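Following: one structure in structure tokens, then a few remarks.
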Amino acid sequence: IEGFDGQKRHFDVRVSPFHPDEQTAWLTLIATEITDQVRAERAIATQARMIESMLEGVAVINEQGMIEITNPAFDTMFGYRRGELIGREMASLAGWPFEEPARWRRDGGEPLRSQRVEFDGRRADGTHFAAAGVLSRFEVAGRNQSLVVLQDVSERKQLERAILEAVNREQYRIGNDLHDGLGQELTGIALMLRGVAGRVAAEYEPILPEIEGITRLVSNAIESTRALARGFSPVNLERGGLKDALEGLSMHAAELYGVQIVCTHRLDSPRPLNAELANHLYRIAQEAVRNAVRHGQARSIRLHLHGARAKVRLTVTDDGIGMPAHAESAPGMGLKIMRYRARILGGEVRFERATPNGTRIVCECPIEPGEADAAASKVRPPRKPRRTSRRDQSKQD
């Protein structure tokens with residue numbers, strides 16, 4: 001029925017016969033307005049058609065982690081026929097966060113309503129792919145449900161990894177060129193100046209201070225070149241690897257920021273860390289130390305690298321004022337880049353409160369078997385000519 005406002009109104013009308021006597025017949029009509037119900041049903045039907053036609057995979061998961069609803073894109077993404085996933089555990093298709101529901105709560109116990117997720121998905125044929133999307137919590141009739149909306153981002157991940165590897169290779173090349181090229185040439189100039197200074201001291205003593213001043217300038221240039229080289233290529237697998245790089249980071253940060261930094265490590269894993277893993281972990285530690293000093297006002301920081309079996313864990317703990325409640329959603333890029341680097345490695349970064357105060361950043365990543373040599377060979381530069389020693393340089397002079 002069209003109402004006074006021009007909108008359609010819906011009614012449910014029930015008609016029943018009533019015979020008070022043999023000669024009289026009555027009709028009883030009971031009319032109930034169901035406009036809101038009809039509109040809700042139509043909205044649900046529209047939403048269902050929208051979900052069915054979405055290119056993203058959509059699924060509803062109950063409190064026990066069982067899949068209750070999927071759309072065709074979700075089934076196709078994981079390689080199953082329509083409806084075949086209903087009643088299966090979501091953990092059988094993916095890892096975190098579906099295997100550890102405790103992480104779905106904040107520090108105060110309050111449940112999280114929505115969270116962006118990235119994980120390694122497992123298809124029906126046993127192959128894996130990179131999945132990313134949003135996991136949301138909602139309540140229906142007193143039951144907690146999870147809605148997950150996913151995309152297959154494998155191609156994007158491969159492109160991002162290729163770009164990062166290209167950047168790392170170029171940084172490695174520039175760092176080595178600075179160290180072995182410009183650095184060695186400056187060293188040779190400094191040695192030649194010392195030789196000239198020895199001859200000038202006997203014949204032209206008044207200009208000796210000027211030559212010594214030039215020598216000091218060249219020595220400073222050598223140190224600056226080495227510092228630039230370390231910045232471009234901080235981790236060298238052939239010269240100590242990640243352990244030495246983290247110790248160098250600790251000493252440099254202690255001098256630069258005036259804080260106390262302790263670096264410890266315990267690597268029990270028989271598998272060596274490949275170049276990609278070591279470089280990303282170093283950059284994560286570098287960003288964590290910088291944030292602890294600049295934003296956390298820390299005076300003491302501890303770096304700990306632990307490797308066992310197939311995983312490596314980097315922990316950065318400080319005694320600062322702690323992270324703000326919404327630091328992870330802040331517009332700054334530091335924390336986002338740390339998460340991004342961890343996801344590239346197939347791991348994750350957690351930001352926790354330290355005891356009694358401060359922040360603890362934990363990065364856990366798998367050590368991929370068989371990739372150490374391959375990754376190292378990708379970034380290992382060609383063999384350089386033998387460096388000229390000071391004795392050889394003196395002979396040349």
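By order of appearance in the structure tokens: chains A, B, ..., then residues from 1 within every chain, and ligands from 1 in the order shown.
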Excluding Thr32 (chain A) and residues on its chain fewer than 2 positions from it, collect all residues at most 7 Å away from it, counting only C-alpha atoms, and give them as a ChimeraX atom specification. /A:11-13,30,34
Go ahead and save the residues from that selection, with C-alpha atoms, as a PDB file, in the first residue's frame.
ATOM      1  CA  PHE A  11       1.383  -5.668   5.456  1.00  0.00           C
ATOM      2  CA  ASP A  12       0.813  -9.280   6.340  1.00  0.00           C
ATOM      3  CA  VAL A  13      -2.963  -9.934   6.320  1.00  0.00           C
ATOM      4  CA  ILE A  30      -5.547  -9.521  11.303  1.00  0.00           C
ATOM      5  CA  ILE A  34       5.972  -5.717   8.000  1.00  0.00           C
TER       6      ILE A  34
END
List the neighbours of Arg143 (chain A) out to 8 Å using only C-alpha atoms; skip same-chain residues closer than 3 positions along the sequence, and give me the result as number ranges by chain. A: 62-63, 139-140
Which residues are near region 281-283 of chain A? Cut-off 9 Å, only C-alpha atoms, ignore same chain within fewer than 2 positions. Put them as a PDB file with C-alpha atoms, in the first residue's frame.
ATOM      1  CA  PRO A 234      75.759  -2.508   6.504  1.00  0.00           C
ATOM      2  CA  VAL A 235      75.681  -6.320   6.444  1.00  0.00           C
ATOM      3  CA  LEU A 242      74.434  -9.806  10.807  1.00  0.00           C
ATOM      4  CA  ALA A 245      76.573  -5.475  11.767  1.00  0.00           C
ATOM      5  CA  LEU A 246      74.294  -5.276  14.844  1.00  0.00           C
ATOM      6  CA  LEU A 249      74.960  -0.465  14.924  1.00  0.00           C
ATOM      7  CA  GLU A 276      68.064 -10.711   2.174  1.00  0.00           C
ATOM      8  CA  LEU A 277      67.065 -11.858   5.655  1.00  0.00           C
ATOM      9  CA  ALA A 278      70.135 -10.302   7.293  1.00  0.00           C
ATOM     10  CA  ASN A 279      69.696  -6.934   5.560  1.00  0.00           C
ATOM     11  CA  ALA A 285      66.775  -3.053  14.252  1.00  0.00           C
ATOM     12  CA  GLN A 286      68.039   0.309  12.953  1.00  0.00           C
ATOM     13  CA  GLU A 287      64.516   1.742  12.791  1.00  0.00           C
ATOM     14  CA  ALA A 288      63.631   0.317  16.228  1.00  0.00           C
ATOM     15  CA  LEU A 314      65.202 -10.212  16.746  1.00  0.00           C
ATOM     16  CA  MET A 338      59.125  -2.524   9.704  1.00  0.00           C
ATOM     17  CA  ARG A 341      59.993  -5.844   5.736  1.00  0.00           C
ATOM     18  CA  ALA A 342      58.892  -8.624   8.082  1.00  0.00           C
ATOM     19  CA  CYS A 363      60.444  -9.699  14.816  1.00  0.00           C
TER      20      CYS A 363
END
Please provide as a list in words all residues within 9 Å of region 300-309 of chain A, with the sequence filter that same-chain residues fewer than 6 positions apart are discarded (counting only C-alpha atoms).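 Counting only the stated atoms, we get Lys243, Leu246, Glu247, Ser250, Val259, Gln260, Ile261, Val262, Cys263, Thr264, His265, Arg266, Leu267, Asp268, Ser269, Pro270, Arg271, Ala285, Val289, Ala292, Val293, Thr315, Val316, Thr317, Asp318, Asp319, Gly320 and Ile367 of chain A.
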Near-region 67-74 of chain A list (6 Å; only C-alpha atoms; drop same-chain fewer than 3 positions) as a PyMOL selection string: chain A and resi 52+55+57-61+77+86-88
Could you tell me how far CA of Phe138 (chain A) sits from CA of Gln47 (chain A), in Å to one decimal place?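 Interatomic distance, CA of Gln47 (chain A) to CA of Phe138 (chain A): 16.3 Å.
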Near Ser16 (chain A), counting only C-alpha atoms, which residues have an atom at most 7 Å away, once you skip same-chain residues fewer than 4 positions from it, shown as a list in words?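 In the requested format, the answer is Leu27, Thr28 and Leu29 of chain A.
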Using only C-alpha atoms, which residues sit within 9 Å of region 114-126 of chain A once same-chain residues fewer than 3 positions away are excluded, as a PyMOL selection string? chain A and resi 77-80+92-97+104+129-137+150+152+343+346-347
